[in-house]
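Data from work.txt: compact mmCIF, C-alpha atoms
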# COMPACT_ATOMS: atom_id res chain seq x y z
CA MET E 1 -24.05 4.89 -3.34
CA ILE E 2 -25.18 4.10 0.23
CA ASP E 3 -26.59 0.79 -0.99
CA LYS E 4 -23.20 -0.07 -2.44
CA LEU E 5 -21.49 0.87 0.82
CA LEU E 6 -23.86 -1.40 2.75
CA ASN E 7 -23.30 -4.21 0.24
CA LEU E 8 -19.55 -3.84 0.76
CA ALA E 9 -19.99 -3.95 4.54
CA HIS E 10 -22.19 -7.06 4.36
CA ALA E 11 -19.78 -8.84 2.01
CA LEU E 12 -16.98 -8.29 4.52
CA GLY E 13 -19.05 -8.95 7.64
CA THR E 14 -20.52 -12.25 6.49
CA GLU E 15 -17.01 -13.71 6.13
CA PRO E 16 -15.80 -14.54 9.68
CA ASP E 17 -12.20 -14.62 8.47
CA LEU E 18 -12.45 -10.97 7.37
CA ALA E 19 -14.27 -9.28 10.25
CA ILE E 20 -16.24 -10.36 13.33
CA LEU E 21 -18.17 -8.53 16.04
CA ALA E 22 -17.55 -4.77 15.75
CA GLU E 23 -14.31 -5.17 13.77
CA GLY E 24 -13.62 -3.15 10.66
CA ASN E 25 -15.22 -0.16 8.99
CA VAL E 26 -16.21 1.16 5.57
CA SER E 27 -16.63 4.63 4.13
CA VAL E 28 -17.68 6.45 0.97
CA LYS E 29 -17.12 10.05 -0.13
CA ASN E 30 -19.71 12.23 -1.82
CA GLY E 31 -18.47 15.78 -2.34
CA ASP E 32 -17.73 17.30 1.07
CA VAL E 33 -19.48 14.47 2.92
CA ILE E 34 -17.88 11.26 4.14
CA THR E 35 -20.24 8.51 5.24
CA ILE E 36 -18.68 5.98 7.59
CA LYS E 37 -19.70 3.05 9.77
CA SER E 38 -20.71 4.19 13.24
CA SER E 39 -18.52 3.17 16.16
CA GLY E 40 -19.30 -0.20 17.74
CA THR E 41 -21.63 -1.42 14.99
CA ASN E 42 -21.35 -4.68 13.07
CA LEU E 43 -20.45 -4.88 9.37
CA LYS E 44 -22.56 -8.01 8.96
CA ASN E 45 -25.77 -6.28 10.03
CA LEU E 46 -24.93 -2.71 9.02
CA SER E 47 -27.93 -0.56 8.10
CA VAL E 48 -28.51 3.09 7.23
CA GLU E 49 -29.11 3.78 10.93
CA HIS E 50 -25.56 2.59 11.63
CA LEU E 51 -23.92 5.10 9.28
CA THR E 52 -22.66 8.57 10.20
CA ASP E 53 -22.26 11.51 7.82
CA CYS E 54 -19.37 13.86 8.59
CA CYS E 55 -18.07 17.07 7.04
CA MET E 56 -14.78 16.58 5.22
CA LYS E 57 -13.75 20.20 5.72
CA LYS E 58 -14.01 19.88 9.50
CA LEU E 59 -12.13 16.60 9.49
CA ASN E 60 -9.42 18.08 7.27
CA PHE E 61 -9.02 20.91 9.78
CA ILE E 62 -8.44 18.33 12.54
CA ILE E 63 -5.96 16.43 10.37
CA ASP E 64 -4.01 19.48 9.22
CA ASN E 65 -3.81 21.03 12.68
CA GLU E 66 -3.23 17.79 14.62
CA ILE E 67 -5.75 18.75 17.28
CA ASP E 68 -4.73 18.00 20.86
CA CYS E 69 -5.94 14.56 21.96
CA GLY E 70 -7.70 16.13 24.92
CA ILE E 71 -10.30 17.77 22.69
CA LEU E 72 -10.01 15.46 19.69
CA GLN E 73 -13.21 13.51 20.35
CA ASN E 74 -15.21 16.71 20.71
CA GLN E 75 -13.82 17.98 17.41
CA ILE E 76 -14.69 14.71 15.66
CA SER E 77 -18.19 14.78 17.15
CA ASP E 78 -18.63 18.34 15.87
CA SER E 79 -17.85 17.12 12.35
CA LYS E 80 -21.15 15.18 12.26
CA ILE E 81 -23.58 16.73 9.80
CA ASP E 82 -26.56 15.46 11.79
CA ALA E 83 -26.15 15.69 15.56
CA SER E 84 -28.57 12.77 16.01
CA HIS E 85 -26.21 10.39 14.17
CA LYS E 86 -24.18 7.92 16.19
CA LYS E 87 -20.51 8.46 16.96
CA PRO E 88 -18.40 7.79 13.85
CA SER E 89 -15.77 5.07 13.80
CA MET E 90 -12.70 6.03 15.81
CA GLU E 91 -10.67 5.49 12.62
CA ILE E 92 -12.47 8.19 10.67
CA LEU E 93 -9.33 10.34 10.56
CA PHE E 94 -7.35 7.98 8.35
CA HIS E 95 -10.45 7.45 6.20
CA ALA E 96 -10.78 11.21 5.73
CA TRP E 97 -7.10 11.63 4.86
CA LEU E 98 -7.18 8.78 2.33
CA GLN E 99 -10.42 10.13 0.86
CA ARG E 100 -8.56 13.31 -0.13
CA GLN E 101 -6.68 11.44 -2.82
CA ASP E 102 -7.76 11.45 -6.47
CA GLY E 103 -9.61 8.30 -7.48
CA VAL E 104 -10.50 7.30 -3.92
CA LYS E 105 -14.21 6.96 -3.20
CA TYR E 106 -14.72 3.73 -1.26
CA ILE E 107 -12.57 2.45 1.61
CA ALA E 108 -12.72 -0.79 3.58
CA HIS E 109 -10.73 -1.66 6.68
CA CYS E 110 -10.82 -5.18 8.13
CA HIS E 111 -8.74 -7.81 9.92
CA PRO E 112 -8.38 -10.90 7.67
CA THR E 113 -7.26 -13.88 9.73
CA VAL E 114 -4.50 -15.34 7.56
CA THR E 115 -3.21 -11.94 6.46
CA MET E 116 -3.04 -11.01 10.14
CA GLN E 117 -0.94 -14.10 10.81
CA ILE E 118 1.63 -12.69 8.41
CA LEU E 119 1.34 -9.10 9.67
CA CYS E 120 2.20 -10.32 13.15
CA THR E 121 5.52 -11.76 11.95
CA PRO E 122 8.77 -10.51 10.35
CA HIS E 123 7.45 -11.93 7.03
CA ALA E 124 5.15 -8.91 6.63
CA GLU E 125 7.68 -6.92 4.60
CA THR E 126 8.21 -9.79 2.17
CA PHE E 127 4.45 -10.27 1.75
CA ALA E 128 4.06 -6.56 1.02
CA ASN E 129 6.87 -6.36 -1.54
CA LYS E 130 6.76 -9.72 -3.36
CA ARG E 131 4.06 -11.22 -5.54
CA LEU E 132 3.11 -14.88 -5.94
CA PHE E 133 0.67 -15.11 -8.86
CA PRO E 134 -0.86 -12.91 -11.59
CA ASP E 135 -4.20 -12.03 -9.98
CA GLN E 136 -2.42 -10.80 -6.85
CA VAL E 137 -0.57 -8.31 -9.04
CA ILE E 138 -3.72 -7.19 -10.85
CA TYR E 139 -5.97 -6.78 -7.80
CA CYS E 140 -3.47 -5.80 -5.09
CA GLY E 141 -0.91 -3.87 -7.11
CA LYS E 142 2.79 -4.20 -7.80
CA ARG E 143 3.52 -3.80 -4.12
CA SER E 144 1.52 -3.01 -1.00
CA CYS E 145 2.25 -0.19 1.40
CA ILE E 146 3.18 -1.48 4.84
CA VAL E 147 2.63 0.60 7.98
CA PRO E 148 4.35 -0.03 11.35
CA TYR E 149 2.01 -0.58 14.28
CA ALA E 150 0.47 2.53 15.79
CA GLU E 151 -2.31 3.06 18.29
CA PRO E 152 -5.72 3.58 16.61
CA GLY E 153 -6.75 7.21 16.28
CA LEU E 154 -4.40 10.13 15.68
CA PRO E 155 -1.18 8.07 16.08
CA LEU E 156 -2.37 5.64 13.39
CA LEU E 157 -3.31 8.49 11.05
CA LYS E 158 0.18 9.99 11.40
CA GLN E 159 1.88 6.66 10.70
CA ILE E 160 -0.34 5.93 7.69
CA ARG E 161 0.28 9.40 6.29
CA LYS E 162 4.05 8.97 6.69
CA SER E 163 4.19 5.47 5.18
CA VAL E 164 1.81 6.18 2.30
CA THR E 165 3.64 9.40 1.42
CA GLU E 166 6.97 7.54 1.34
CA PHE E 167 5.39 4.77 -0.77
CA PHE E 168 4.02 7.28 -3.27
CA GLN E 169 7.37 9.07 -3.56
CA LYS E 170 9.13 5.78 -4.25
CA GLU E 171 6.55 4.03 -6.47
CA ASN E 172 4.93 7.07 -8.11
CA VAL E 173 1.52 5.48 -7.55
CA PHE E 174 -0.95 5.60 -4.66
CA PRO E 175 -1.33 2.18 -2.99
CA SER E 176 -4.58 0.28 -3.48
CA LEU E 177 -3.79 -1.96 -0.53
CA ILE E 178 -2.29 -0.85 2.79
CA LEU E 179 -1.03 -3.43 5.30
CA LEU E 180 -1.05 -2.39 8.96
CA LYS E 181 1.42 -4.34 11.08
CA ASN E 182 -0.30 -6.20 13.97
CA HIS E 183 -3.62 -4.62 13.01
CA GLY E 184 -5.21 -5.32 9.62
CA ILE E 185 -5.58 -4.01 6.07
CA ILE E 186 -7.06 -1.04 4.23
CA SER E 187 -8.37 -1.37 0.68
CA ILE E 188 -9.15 1.76 -1.32
CA GLY E 189 -10.64 2.38 -4.75
CA THR E 190 -13.13 4.08 -6.99
CA THR E 191 -15.83 1.40 -6.64
CA ASP E 192 -17.09 -0.97 -3.98
CA GLU E 193 -16.29 -3.95 -6.24
CA GLU E 194 -12.70 -2.83 -6.67
CA VAL E 195 -12.24 -2.49 -2.92
CA LEU E 196 -13.82 -5.88 -2.15
CA SER E 197 -11.78 -7.60 -4.85
CA SER E 198 -8.54 -6.31 -3.33
CA VAL E 199 -9.53 -7.54 0.15
CA LEU E 200 -10.48 -11.01 -1.08
CA MET E 201 -7.37 -11.37 -3.22
CA CYS E 202 -5.14 -10.22 -0.36
CA GLU E 203 -6.52 -12.94 1.90
CA LYS E 204 -6.19 -15.57 -0.83
CA ALA E 205 -2.57 -14.50 -1.37
CA ALA E 206 -1.96 -14.76 2.38
CA LYS E 207 -3.26 -18.33 2.41
CA ILE E 208 -1.00 -19.27 -0.51
CA PHE E 209 1.97 -17.49 1.08
CA THR E 210 1.62 -19.26 4.43
CA GLY E 211 0.97 -22.60 2.76
CA ALA E 212 3.99 -22.26 0.49
CA GLN E 213 6.15 -21.24 3.46
CA SER E 214 5.12 -24.43 5.27
CA ILE E 215 6.16 -26.58 2.31
CA GLY E 216 9.53 -24.98 1.63
CA LYS E 217 11.18 -22.02 -0.04
CA VAL E 218 8.69 -19.75 -1.82
CA ASP E 219 9.17 -19.03 -5.54
CA PHE E 220 7.96 -15.48 -6.13
CA LEU E 221 7.24 -13.85 -9.47
CA SER E 222 10.22 -11.95 -10.83
CA GLN E 223 10.05 -8.17 -11.17
CA ASP E 224 9.97 -8.61 -14.96
CA ASP E 225 6.98 -10.94 -14.59
CA VAL E 226 5.17 -8.36 -12.44
CA ASN E 227 5.93 -5.51 -14.84
CA ASN E 228 4.80 -7.53 -17.86
CA LEU E 229 1.47 -8.29 -16.18
CA LEU E 230 0.87 -4.65 -15.38
CA GLU E 231 1.68 -3.65 -18.96
CA SER E 232 -0.51 -6.34 -20.53
CA GLU E 233 -3.45 -4.87 -22.47
CA ASP E 234 -5.60 -7.88 -21.55
CA GLU E 235 -4.95 -7.37 -17.84
CA LYS E 236 -5.51 -3.61 -18.10
CA TYR E 237 -8.88 -4.30 -19.70
CA ARG E 238 -9.83 -6.82 -17.00
CA LEU E 239 -8.92 -4.39 -14.25
CA LYS E 240 -10.87 -1.60 -15.92
CA ILE E 241 -13.98 -3.78 -15.89
CA ILE E 242 -13.61 -4.24 -12.14
CA LYS E 243 -13.07 -0.50 -11.62
CA ASP E 244 -16.11 0.39 -13.73
CA PHE E 245 -18.39 -2.35 -12.44
CA GLY E 246 -19.39 -0.51 -9.30
Reformat the file's structure so that it appears as structure tokens.
Amino acid sequence: MIDKLLNLAHALGTEPDLAILAEGNVSVKNGDVITIKSSGTNLKNLSVEHLTDCCMKKLNFIIDNEIDCGILQNQISDSKIDASHKKPSMEILFHAWLQRQDGVKYIAHCHPTVTMQILCTPHAETFANKRLFPDQVIYCGKRSCIVPYAEPGLPLLKQIRKSVTEFFQKENVFPSLILLKNHGIISIGTTDEEVLSSVLMCEKAAKIFTGAQSIGKVDFLSQDDVNNLLESEDEKYRLKIIKDFG
């Protein structure tokens, strides 16, 4: 499981258009333990020494009680299972909240260049709610959840929780891809392959979207087209292979 988490990190970190320097983070859940990239480390060169194990129960207490920011860092530090581990990523709170959901095991957060171009414009809503081609539907879902900008840390957790909850109530499905305005993306899934596939397909879709915009009016798939793809037995089988591969 840790090997798969490191493979996911390296796949993201070796692509400069997905994450550079200390950008981005990855996590995996195993029972009551969440393992996450340590703060300030590099996805490209991530090793076991750059991972931090934290107690989900302690993190859930922080999340549910919205601990005062003045003591928040101490509370997060206390969640470390091994005191010798490095400080966990500052975004561990939204990882922990997302990891509560059924079917979520691996999470990746990164800042894809072309997707970011869209997320820094008013076109972000359209990109989240419209689909351009079949594989975008299969790997990124019918729609993506979009989250207004919020400062990293507790404010971002609150905004993600609000937006994802509203998305679930409307769509009756948990989003596999979350778009953070002026920030980046979050991909979640049961396997490392599923998570990576969603990230790569999101960035490909962003390139097609921006290119099509530059040529003229974009022709999106109709809602019937999207629904037919999701109901296709062939596509369901293909997606299952990706989910099971990891």
*Name the closest residue to Ser79 (chain E) among the candidates E:Arg131, E:Ile34, E:Thr115, E:Gln99; distances are taken between atoms, counting only C-alpha atoms.*
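Smallest separation from Ser79 (chain E) among the options: E:Ile34.
For the point (-2.1, -3.7, -13.7), the residues with at least one atom inside 9 Å, counting all atoms listed in the file, are Val137, Ile138, Tyr139, Cys140, Gly141, Lys142, Val226, Asn227, Asn228, Leu229, Leu230, Glu231, Ser232, Glu233, Glu235, Lys236, Arg238 and Leu239 of chain E.
Interatomic distance, CA of Asn129 (chain E) against CA of Met90 (chain E): 28.9 Å.
CA of Pro88 (chain E) is found 9.8 Å from CA of Asn25 (chain E).
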4 Å per side around region 102-110 of chain E: axis-aligned box centre and edge lengths, as JSON:
{"center_x": -11.2, "center_y": 3.1, "center_z": 0.3, "size_x": 15.0, "size_y": 24.6, "size_z": 23.6}
